[in-house]
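This is start-v5.cif. It holds mmCIF, C-alpha atoms.
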data_final
loop_
_atom_site.group_PDB
_atom_site.id
_atom_site.type_symbol
_atom_site.label_atom_id
_atom_site.label_comp_id
_atom_site.auth_asym_id
_atom_site.auth_seq_id
_atom_site.Cartn_x
_atom_site.Cartn_y
_atom_site.Cartn_z
ATOM 1 C CA MET A 1 -35.393 14.466 12.955
ATOM 2 C CA ARG A 2 -37.322 12.470 10.372
ATOM 3 C CA VAL A 3 -35.827 8.985 10.090
ATOM 4 C CA ALA A 4 -36.701 6.451 7.392
ATOM 5 C CA VAL A 5 -35.712 2.831 8.130
ATOM 6 C CA LEU A 6 -35.499 0.916 4.858
ATOM 7 C CA THR A 7 -36.834 -2.662 4.937
ATOM 8 C CA VAL A 8 -36.539 -5.469 2.398
ATOM 9 C CA ASP A 9 -38.029 -8.951 2.324
ATOM 10 C CA GLY A 10 -35.979 -11.457 4.294
ATOM 11 C CA MET A 11 -34.249 -8.828 6.400
ATOM 12 C CA PHE A 12 -32.589 -9.531 9.756
ATOM 13 C CA ASP A 13 -35.317 -9.214 12.401
ATOM 14 C CA SER A 14 -33.131 -8.243 15.351
ATOM 15 C CA GLY A 15 -31.294 -5.592 13.329
ATOM 16 C CA LEU A 16 -34.521 -3.754 12.603
ATOM 17 C CA SER A 17 -35.745 -4.175 16.187
ATOM 18 C CA ALA A 18 -32.477 -2.917 17.689
ATOM 19 C CA VAL A 19 -32.532 0.274 15.633
ATOM 20 C CA LEU A 20 -36.178 0.957 16.445
ATOM 21 C CA ASP A 21 -35.730 0.195 20.153
ATOM 22 C CA VAL A 22 -32.711 2.480 20.603
ATOM 23 C CA LEU A 23 -34.320 5.402 18.772
ATOM 24 C CA THR A 24 -37.581 4.898 20.683
ATOM 25 C CA ALA A 25 -35.660 4.852 23.970
ATOM 26 C CA ALA A 26 -33.845 8.053 22.977
ATOM 27 C CA SER A 27 -37.130 9.808 22.315
ATOM 28 C CA ALA A 28 -38.550 8.575 25.624
ATOM 29 C CA LEU A 29 -35.514 9.694 27.672
ATOM 30 C CA ARG A 30 -34.922 13.040 25.995
ATOM 31 C CA GLU A 31 -37.216 15.075 28.244
ATOM 32 C CA ASP A 32 -34.977 14.501 31.276
ATOM 33 C CA THR A 33 -31.751 15.120 29.348
ATOM 34 C CA PRO A 34 -30.557 18.735 29.174
ATOM 35 C CA GLY A 35 -29.846 19.888 25.640
ATOM 36 C CA ALA A 36 -31.430 16.801 24.060
ATOM 37 C CA PRO A 37 -32.626 17.056 20.453
ATOM 38 C CA PRO A 38 -36.284 16.851 19.363
ATOM 39 C CA PRO A 39 -37.799 13.352 19.189
ATOM 40 C CA PHE A 40 -36.836 10.987 16.402
ATOM 41 C CA GLU A 41 -39.811 10.625 14.070
ATOM 42 C CA VAL A 42 -39.250 7.124 12.702
ATOM 43 C CA THR A 43 -41.021 5.713 9.655
ATOM 44 C CA VAL A 44 -40.470 2.129 8.525
ATOM 45 C CA VAL A 45 -40.434 2.193 4.734
ATOM 46 C CA GLY A 46 -40.349 -0.380 1.939
ATOM 47 C CA LEU A 47 -41.075 -0.803 -1.731
ATOM 48 C CA THR A 48 -44.722 -1.519 -0.957
ATOM 49 C CA GLY A 49 -46.955 -1.400 2.106
ATOM 50 C CA THR A 50 -45.745 -4.750 3.462
ATOM 51 C CA THR A 51 -42.386 -6.345 4.165
ATOM 52 C CA ARG A 52 -41.813 -9.954 5.277
ATOM 53 C CA THR A 53 -38.832 -10.391 7.615
ATOM 54 C CA GLY A 54 -36.407 -13.297 7.674
ATOM 55 C CA HIS A 55 -38.531 -14.996 10.329
ATOM 56 C CA GLY A 56 -41.679 -14.537 8.285
ATOM 57 C CA MET A 57 -43.215 -11.676 10.247
ATOM 58 C CA GLN A 58 -45.331 -9.242 8.265
ATOM 59 C CA LEU A 59 -44.443 -5.579 8.698
ATOM 60 C CA SER A 60 -46.805 -2.790 7.780
ATOM 61 C CA THR A 61 -44.599 -0.254 6.025
ATOM 62 C CA THR A 62 -44.947 3.042 4.231
ATOM 63 C CA ALA A 63 -44.229 2.713 0.530
ATOM 64 C CA LEU A 64 -41.338 4.893 -0.624
ATOM 65 C CA ALA A 65 -43.636 6.681 -3.058
ATOM 66 C CA ASP A 66 -46.096 7.522 -0.248
ATOM 67 C CA LEU A 67 -43.755 9.289 2.184
ATOM 68 C CA ASP A 68 -45.319 12.573 3.299
ATOM 69 C CA ALA A 69 -41.987 14.334 3.816
ATOM 70 C CA PRO A 70 -38.419 13.531 2.813
ATOM 71 C CA PRO A 71 -36.283 12.016 5.599
ATOM 72 C CA ASP A 72 -33.341 13.708 7.264
ATOM 73 C CA LEU A 73 -31.741 10.303 7.784
ATOM 74 C CA VAL A 74 -32.061 6.949 6.040
ATOM 75 C CA ILE A 75 -31.048 3.762 7.879
ATOM 76 C CA SER A 76 -30.493 0.476 6.058
ATOM 77 C CA PRO A 77 -30.417 -2.496 8.484
ATOM 78 C CA ALA A 78 -28.999 -5.910 7.539
ATOM 79 C CA VAL A 79 -30.721 -7.702 4.666
ATOM 80 C CA GLY A 80 -30.470 -11.072 6.430
ATOM 81 C CA LEU A 81 -27.900 -13.736 7.197
ATOM 82 C CA ARG A 82 -27.011 -14.639 3.619
ATOM 83 C CA THR A 83 -23.848 -15.580 1.777
ATOM 84 C CA PRO A 84 -21.797 -12.715 0.329
ATOM 85 C CA ALA A 85 -22.967 -13.662 -3.177
ATOM 86 C CA GLU A 86 -26.605 -13.612 -2.051
ATOM 87 C CA VAL A 87 -26.144 -10.203 -0.447
ATOM 88 C CA VAL A 88 -24.747 -8.835 -3.702
ATOM 89 C CA ASP A 89 -27.626 -10.392 -5.632
ATOM 90 C CA THR A 90 -30.081 -8.723 -3.251
ATOM 91 C CA VAL A 91 -28.753 -5.195 -3.735
ATOM 92 C CA ARG A 92 -27.813 -5.445 -7.404
ATOM 93 C CA ALA A 93 -30.260 -3.270 -9.410
ATOM 94 C CA HIS A 94 -32.582 -3.060 -6.406
ATOM 95 C CA PRO A 95 -35.460 -0.606 -6.979
ATOM 96 C CA ALA A 96 -34.608 1.262 -3.763
ATOM 97 C CA LEU A 97 -31.181 2.349 -5.055
ATOM 98 C CA ASP A 98 -32.536 5.292 -7.054
ATOM 99 C CA TRP A 99 -34.516 6.446 -4.030
ATOM 100 C CA LEU A 100 -31.415 6.255 -1.822
ATOM 101 C CA CYS A 101 -29.435 8.343 -4.299
ATOM 102 C CA ALA A 102 -32.223 10.898 -4.496
ATOM 103 C CA GLN A 103 -32.293 11.276 -0.696
ATOM 104 C CA ALA A 104 -28.516 11.622 -0.552
ATOM 105 C CA GLU A 105 -28.557 14.283 -3.276
ATOM 106 C CA ARG A 106 -30.973 16.379 -1.263
ATOM 107 C CA GLY A 107 -28.712 16.153 1.765
ATOM 108 C CA ALA A 108 -30.129 13.296 3.843
ATOM 109 C CA ALA A 109 -27.665 11.508 6.109
ATOM 110 C CA MET A 110 -27.087 7.802 5.481
ATOM 111 C CA ALA A 111 -26.544 4.946 7.916
ATOM 112 C CA ALA A 112 -26.296 1.176 7.526
ATOM 113 C CA ALA A 113 -25.178 -1.914 9.401
ATOM 114 C CA CYS A 114 -23.816 -5.337 8.476
ATOM 115 C CA SER A 115 -25.052 -6.467 5.042
ATOM 116 C CA GLY A 116 -27.184 -3.317 4.823
ATOM 117 C CA THR A 117 -23.974 -1.422 4.012
ATOM 118 C CA PHE A 118 -24.059 -3.065 0.587
ATOM 119 C CA PHE A 119 -27.044 -0.889 -0.304
ATOM 120 C CA LEU A 120 -24.974 2.236 0.271
ATOM 121 C CA GLY A 121 -22.013 0.709 -1.542
ATOM 122 C CA GLU A 122 -24.142 -0.328 -4.516
ATOM 123 C CA ALA A 123 -25.656 3.166 -4.726
ATOM 124 C CA GLY A 124 -22.151 4.672 -4.826
ATOM 125 C CA LEU A 125 -22.784 6.615 -1.629
ATOM 126 C CA LEU A 126 -19.655 5.319 0.128
ATOM 127 C CA ASP A 127 -17.118 6.011 -2.635
ATOM 128 C CA GLY A 128 -14.151 7.884 -1.220
ATOM 129 C CA ARG A 129 -15.483 7.467 2.300
ATOM 130 C CA ARG A 130 -14.320 5.456 5.271
ATOM 131 C CA ALA A 131 -16.729 2.630 6.065
ATOM 132 C CA THR A 132 -17.052 -0.713 7.775
ATOM 133 C CA THR A 133 -19.156 -3.812 7.311
ATOM 134 C CA SER A 134 -19.481 -7.199 8.942
ATOM 135 C CA TRP A 135 -16.021 -8.806 9.012
ATOM 136 C CA TRP A 136 -17.040 -11.930 7.083
ATOM 137 C CA LEU A 137 -18.452 -9.766 4.273
ATOM 138 C CA GLY A 138 -15.257 -7.730 3.958
ATOM 139 C CA PRO A 139 -13.666 -9.523 0.978
ATOM 140 C CA ALA A 140 -16.866 -9.391 -1.094
ATOM 141 C CA PHE A 141 -17.470 -5.751 -0.202
ATOM 142 C CA ARG A 142 -13.908 -4.741 -1.025
ATOM 143 C CA ALA A 143 -13.979 -6.571 -4.356
ATOM 144 C CA ARG A 144 -17.274 -5.005 -5.456
ATOM 145 C CA TYR A 145 -16.700 -1.480 -4.123
ATOM 146 C CA PRO A 146 -12.969 -0.762 -4.476
ATOM 147 C CA GLY A 147 -13.547 2.978 -4.176
ATOM 148 C CA VAL A 148 -14.585 2.645 -0.525
ATOM 149 C CA ASP A 149 -12.011 3.050 2.269
ATOM 150 C CA LEU A 150 -13.115 -0.113 4.057
ATOM 151 C CA ASP A 151 -11.887 -1.052 7.536
ATOM 152 C CA GLU A 152 -13.953 -3.983 8.781
ATOM 153 C CA ARG A 153 -12.013 -4.071 12.062
ATOM 154 C CA LEU A 154 -14.155 -1.136 13.187
ATOM 155 C CA THR A 155 -17.541 -1.510 14.789
ATOM 156 C CA ILE A 156 -18.528 2.047 13.777
ATOM 157 C CA ALA A 157 -17.137 4.185 10.942
ATOM 158 C CA GLU A 158 -18.283 7.775 10.501
ATOM 159 C CA HIS A 159 -17.395 9.923 7.503
ATOM 160 C CA GLY A 160 -19.230 13.164 6.903
ATOM 161 C CA ASN A 161 -22.943 12.472 7.177
ATOM 162 C CA THR A 162 -22.503 8.727 6.634
ATOM 163 C CA THR A 163 -22.368 6.152 9.433
ATOM 164 C CA THR A 164 -21.752 2.441 8.960
ATOM 165 C CA ALA A 165 -21.582 -0.406 11.463
ATOM 166 C CA GLY A 166 -20.073 -3.889 11.424
ATOM 167 C CA ALA A 167 -21.549 -7.221 12.475
ATOM 168 C CA ALA A 168 -25.269 -7.818 12.881
ATOM 169 C CA PHE A 169 -25.493 -7.021 16.598
ATOM 170 C CA ALA A 170 -23.706 -3.716 15.900
ATOM 171 C CA HIS A 171 -27.116 -2.303 14.937
ATOM 172 C CA ILE A 172 -27.263 -1.168 18.567
ATOM 173 C CA ASP A 173 -23.944 0.646 18.186
ATOM 174 C CA LEU A 174 -25.161 2.191 14.925
ATOM 175 C CA ALA A 175 -28.328 3.572 16.512
ATOM 176 C CA LEU A 176 -26.372 4.871 19.524
ATOM 177 C CA ALA A 177 -23.898 6.599 17.204
ATOM 178 C CA ILE A 178 -26.829 8.316 15.480
ATOM 179 C CA VAL A 179 -28.168 9.520 18.837
ATOM 180 C CA ALA A 180 -24.684 10.648 19.906
ATOM 181 C CA ARG A 181 -24.383 12.871 16.833
ATOM 182 C CA HIS A 182 -27.130 14.977 18.372
ATOM 183 C CA SER A 183 -26.489 14.488 22.084
ATOM 184 C CA HIS A 184 -23.706 12.546 23.767
ATOM 185 C CA ASP A 185 -25.513 12.821 27.096
ATOM 186 C CA LEU A 186 -28.664 11.295 25.655
ATOM 187 C CA ALA A 187 -26.694 8.481 23.991
ATOM 188 C CA GLU A 188 -25.028 7.661 27.318
ATOM 189 C CA ARG A 189 -28.403 7.581 29.084
ATOM 190 C CA VAL A 190 -29.820 5.227 26.476
ATOM 191 C CA ALA A 191 -26.740 2.993 26.711
ATOM 192 C CA ARG A 192 -27.020 2.784 30.492
ATOM 193 C CA HIS A 193 -30.732 1.987 30.328
ATOM 194 C CA LEU A 194 -30.228 -0.749 27.746
ATOM 195 C CA LEU A 195 -27.121 -2.124 29.497
ATOM 196 C CA ILE A 196 -24.891 -1.855 26.462
ATOM 197 C CA GLY A 197 -21.222 -2.643 26.979
ATOM 198 C CA ASP A 198 -18.176 -1.053 25.381
ATOM 199 C CA ARG A 199 -17.169 -2.822 22.172
ATOM 200 C CA PRO A 200 -14.676 -0.551 20.382
ATOM 201 C CA SER A 201 -13.730 -3.074 17.729
ATOM 202 C CA GLN A 202 -15.084 -6.158 16.025
ATOM 203 C CA ALA A 203 -11.570 -7.303 15.171
ATOM 204 C CA CYS A 204 -11.590 -9.952 17.906
ATOM 205 C CA PHE A 205 -14.499 -11.674 16.122
ATOM 206 C CA ALA A 206 -12.777 -11.818 12.747
ATOM 207 C CA ILE A 207 -11.348 -15.228 11.864
ATOM 208 C CA PRO A 208 -8.524 -14.781 9.333
ATOM 209 C CA ALA A 209 -8.782 -18.389 8.146
ATOM 210 C CA GLN A 210 -12.345 -17.848 6.935
ATOM 211 C CA LEU A 211 -11.522 -14.608 5.153
ATOM 212 C CA ALA A 212 -8.362 -15.983 3.582
ATOM 213 C CA THR A 213 -10.280 -18.616 1.614
ATOM 214 C CA ALA A 214 -11.407 -15.849 -0.763
ATOM 215 C CA ASP A 215 -8.033 -15.996 -2.576
ATOM 216 C CA PRO A 216 -5.666 -18.963 -3.155
ATOM 217 C CA THR A 217 -2.520 -16.885 -2.612
ATOM 218 C CA VAL A 218 -3.788 -15.494 0.674
ATOM 219 C CA LYS A 219 -4.946 -18.940 1.723
ATOM 220 C CA ALA A 220 -1.526 -20.434 0.961
ATOM 221 C CA PHE A 221 0.123 -17.665 2.975
ATOM 222 C CA GLU A 222 -2.275 -18.208 5.883
ATOM 223 C CA ASN A 223 -1.618 -21.979 5.850
ATOM 224 C CA TRP A 224 2.159 -21.506 5.814
ATOM 225 C CA VAL A 225 2.048 -19.048 8.694
ATOM 226 C CA ARG A 226 -0.088 -21.363 10.830
ATOM 227 C CA GLU A 227 2.234 -24.322 10.151
ATOM 228 C CA HIS A 228 5.280 -22.276 11.243
ATOM 229 C CA LEU A 229 3.606 -20.062 13.820
ATOM 230 C CA ASP A 230 6.327 -20.290 16.475
ATOM 231 C CA GLU A 231 9.137 -19.440 14.053
ATOM 232 C CA PRO A 232 10.597 -16.018 13.160
ATOM 233 C CA LEU A 233 9.112 -15.285 9.722
ATOM 234 C CA GLN A 234 10.203 -12.926 6.975
ATOM 235 C CA ILE A 235 7.512 -11.993 4.460
ATOM 236 C CA HIS A 236 9.779 -12.317 1.417
ATOM 237 C CA ASP A 237 10.827 -15.813 2.549
ATOM 238 C CA VAL A 238 7.236 -16.942 3.031
ATOM 239 C CA ALA A 239 6.263 -15.526 -0.365
ATOM 240 C CA ALA A 240 9.053 -17.526 -1.995
ATOM 241 C CA ARG A 241 7.960 -20.678 -0.131
ATOM 242 C CA ILE A 242 4.423 -20.439 -1.523
ATOM 243 C CA GLY A 243 5.677 -19.666 -5.030
ATOM 244 C CA VAL A 244 4.804 -15.983 -5.476
ATOM 245 C CA SER A 245 6.681 -12.712 -5.376
ATOM 246 C CA GLU A 246 6.469 -10.498 -2.314
ATOM 247 C CA ARG A 247 4.743 -7.840 -4.419
ATOM 248 C CA ALA A 248 2.124 -10.334 -5.630
ATOM 249 C CA LEU A 249 1.477 -11.397 -2.045
ATOM 250 C CA GLN A 250 1.096 -7.774 -0.948
ATOM 251 C CA ARG A 251 -1.336 -7.159 -3.791
ATOM 252 C CA SER A 252 -3.448 -10.186 -2.849
ATOM 253 C CA THR A 253 -3.727 -9.413 0.863
ATOM 254 C CA ALA A 254 -4.548 -5.771 0.119
ATOM 255 C CA THR A 255 -7.246 -6.706 -2.390
ATOM 256 C CA VAL A 256 -8.907 -9.397 -0.272
ATOM 257 C CA LEU A 257 -8.371 -8.155 3.280
ATOM 258 C CA GLY A 258 -7.320 -4.530 3.004
ATOM 259 C CA MET A 259 -4.129 -5.201 4.927
ATOM 260 C CA SER A 260 -0.466 -5.958 4.309
ATOM 261 C CA PRO A 261 1.042 -9.459 4.699
ATOM 262 C CA ILE A 262 2.696 -8.446 7.971
ATOM 263 C CA GLU A 263 -0.643 -7.181 9.308
ATOM 264 C CA LEU A 264 -2.270 -10.488 8.370
ATOM 265 C CA LEU A 265 0.609 -12.321 10.042
ATOM 266 C CA HIS A 266 -0.062 -10.409 13.259
ATOM 267 C CA GLU A 267 -3.821 -11.092 13.012
ATOM 268 C CA ILE A 268 -3.213 -14.842 12.677
ATOM 269 C CA ARG A 269 -0.792 -14.830 15.590
ATOM 270 C CA LEU A 270 -3.162 -12.804 17.771
ATOM 271 C CA ASP A 271 -6.077 -15.052 16.823
ATOM 272 C CA HIS A 272 -4.156 -18.131 17.999
ATOM 273 C CA ALA A 273 -2.738 -16.379 21.055
ATOM 274 C CA VAL A 274 -6.218 -15.467 22.293
ATOM 275 C CA HIS A 275 -7.367 -19.037 21.642
ATOM 276 C CA LEU A 276 -4.500 -20.428 23.742
ATOM 277 C CA LEU A 277 -5.055 -17.949 26.551
ATOM 278 C CA ARG A 278 -8.764 -18.773 26.697
ATOM 279 C CA THR A 279 -8.520 -22.562 26.424
ATOM 280 C CA THR A 280 -5.290 -23.493 28.231
ATOM 281 C CA ARG A 281 -3.468 -22.572 31.420
ATOM 282 C CA ARG A 282 -0.359 -21.464 29.605
ATOM 283 C CA SER A 283 1.223 -18.251 30.829
ATOM 284 C CA PRO A 284 1.215 -15.150 28.608
ATOM 285 C CA GLU A 285 4.991 -15.551 28.225
ATOM 286 C CA SER A 286 4.570 -19.133 26.985
ATOM 287 C CA VAL A 287 1.787 -18.150 24.603
ATOM 288 C CA ALA A 288 3.876 -15.315 23.176
ATOM 289 C CA LEU A 289 6.653 -17.775 22.309
ATOM 290 C CA ALA A 290 4.143 -20.237 20.834
ATOM 291 C CA VAL A 291 2.919 -17.657 18.327
ATOM 292 C CA GLY A 292 6.325 -16.377 17.284
ATOM 293 C CA TYR A 293 7.002 -13.430 19.613
ATOM 294 C CA ARG A 294 10.248 -13.518 21.599
ATOM 295 C CA ASN A 295 8.790 -11.632 24.552
ATOM 296 C CA VAL A 296 5.345 -11.045 25.965
ATOM 297 C CA SER A 297 5.672 -7.256 25.780
ATOM 298 C CA THR A 298 5.391 -7.484 21.987
ATOM 299 C CA LEU A 299 2.196 -9.509 22.318
ATOM 300 C CA ARG A 300 0.749 -7.074 24.853
ATOM 301 C CA ALA A 301 1.553 -4.082 22.631
ATOM 302 C CA LEU A 302 -0.100 -5.687 19.600
ATOM 303 C CA VAL A 303 -3.223 -6.553 21.602
ATOM 304 C CA ARG A 304 -3.513 -2.924 22.670
ATOM 305 C CA LYS A 305 -2.913 -1.636 19.154
ATOM 306 C CA ARG A 306 -4.960 -4.112 17.126
ATOM 307 C CA ARG A 307 -7.663 -5.104 19.604
ATOM 308 C CA GLY A 308 -7.937 -1.945 21.692
ATOM 309 C CA SER A 309 -7.778 -4.150 24.764
ATOM 310 C CA THR A 310 -5.457 -5.983 27.147
ATOM 311 C CA LEU A 311 -4.667 -9.674 27.590
ATOM 312 C CA ALA A 312 -6.609 -9.693 30.846
ATOM 313 C CA GLU A 313 -9.693 -8.116 29.266
ATOM 314 C CA LEU A 314 -9.650 -10.532 26.317
ATOM 315 C CA THR A 315 -9.601 -13.559 28.588
ATOM 316 C CA ARG A 316 -11.786 -12.342 31.451
ATOM 317 C CA GLY A 317 -14.571 -14.779 32.308
ATOM 318 C CA TYR A 318 -12.988 -17.795 30.592
ATOM 319 C CA ARG A 319 -12.338 -20.924 32.677
ATOM 320 C CA PRO A 320 -9.728 -23.151 31.021
ATOM 321 C CA ALA A 321 -10.410 -26.850 31.315
ATOM 322 C CA VAL A 322 -6.937 -27.937 30.240
ATOM 323 C CA ARG A 323 -4.416 -28.904 32.917
ATOM 324 C CA PRO A 324 -1.232 -26.882 33.330
ATOM 325 C CA GLU A 325 1.712 -27.865 31.202
ATOM 326 C CA PRO A 326 4.194 -30.199 32.899
#
Is it possible to express this structure as structure tokens?
Amino acid sequence: MRVAVLTVDGMFDSGLSAVLDVLTAASALREDTPGAPPPFEVTVVGLTGTTRTGHGMQLSTTALADLDAPPDLVISPAVGLRTPAEVVDTVRAHPALDWLCAQAERGAAMAAACSGTFFLGEAGLLDGRRATTSWWLGPAFRARYPGVDLDERLTIAEHGNTTTAGAAFAHIDLALAIVARHSHDLAERVARHLLIGDRPSQACFAIPAQLATADPTVKAFENWVREHLDEPLQIHDVAARIGVSERALQRSTATVLGMSPIELLHEIRLDHAVHLLRTTRRSPESVALAVGYRNVSTLRALVRKRRGSTLAELTRGYRPAVRPEP
């Protein structure tokens, strides 16, 4: 498989390295893996023959116009740790967009991670497709590319021949997903060699308070919920308290976060519940009551559904410093 890894000035160094390392490892381990695909022939490409990374390293690249053969797969790593507005400015009218569209039209698969997903979004290659991006970029992505079925709670989203990954360190997951498309056995061997753990969701890293600031209505809702976290809450009552209709609140949370008010309510409660479990010695039953759930079974069920985990797994390895409650 011919793979072209697209680079831009200021890009995230570790994202590029992770992709290259995983694909190189896959090629190295394939000979001892029954049914493994041919080696990945990786070419690092850019607008010119040189790209400067975010840490100032100079990369020797193949100019897009000088590629000997068209790629079977194009990967767009993160463009760097920039603000959402800066990410949009980077991809807007970028010269590589036409090249991306041309490769997609001839049938090349597309993959991207973190802020690199904005290249695919800007090129229109994710319209009507399920995708993910880094959780803190979700509101900006959703606002600019409303035709994309975005779910930033996912680490990996695959739709047809398109693969997207979430936060910056999910470049490893992205590259493994690419390998797995051709050989699950080879992907598992690479994962074991590189000591990669199982991270089915990036939801536990998302901080609703940061995302909510993108819209005043959502922010007001988030503030009200946090101030009354241990109380039974009805969405229509909260909407009235913050001075909007329930429909307006639903429209705002869907536009900014891609979720309903009740889903956001659960995310805020789970966010605080995990914080309490990791930083205090409160029992799960006590924590459930503190975040508005009458019994711990509700909290456990939501953790399984929305985090793909258990309370024990979410808190494993944490050593609370706070004394037990009297």
Hits from the PyMOL selection byres ((chain A and resi 109) around 9), listed as a PyMOL selection string: chain A and resi 71-75+103-104+107-108+110-111+160-163
Close residues, Asp151 in chain A itself excluded, 10 Å, all atoms listed in the file, min 3 positions apart in chain, as an MDAnalysis selection string: chainID A and resid 130:135 138 142 148 154:157 166 203 257:259
Test item: the PyMOL selection byres ((chain A and resi 275-278) around 8) resolved as an MDAnalysis selection string: chainID A and resid 271:274 279:284 287 315 318:320
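Against this structure, the PyMOL selection byres ((chain A and resi 306) around 10) ends up with Arg153, Ser201, Ala203, Cys204, Glu263, His266, Glu267, Leu270, Ala301, Leu302, Val303, Arg304, Lys305, Arg307, Gly308 and Ser309 of chain A.
Counting only C-alpha atoms and comparing A:Ala93, A:Ala187, A:Ala240, A:Leu194, the residue that lies closest to Arg30 in chain A is A:Ala187.
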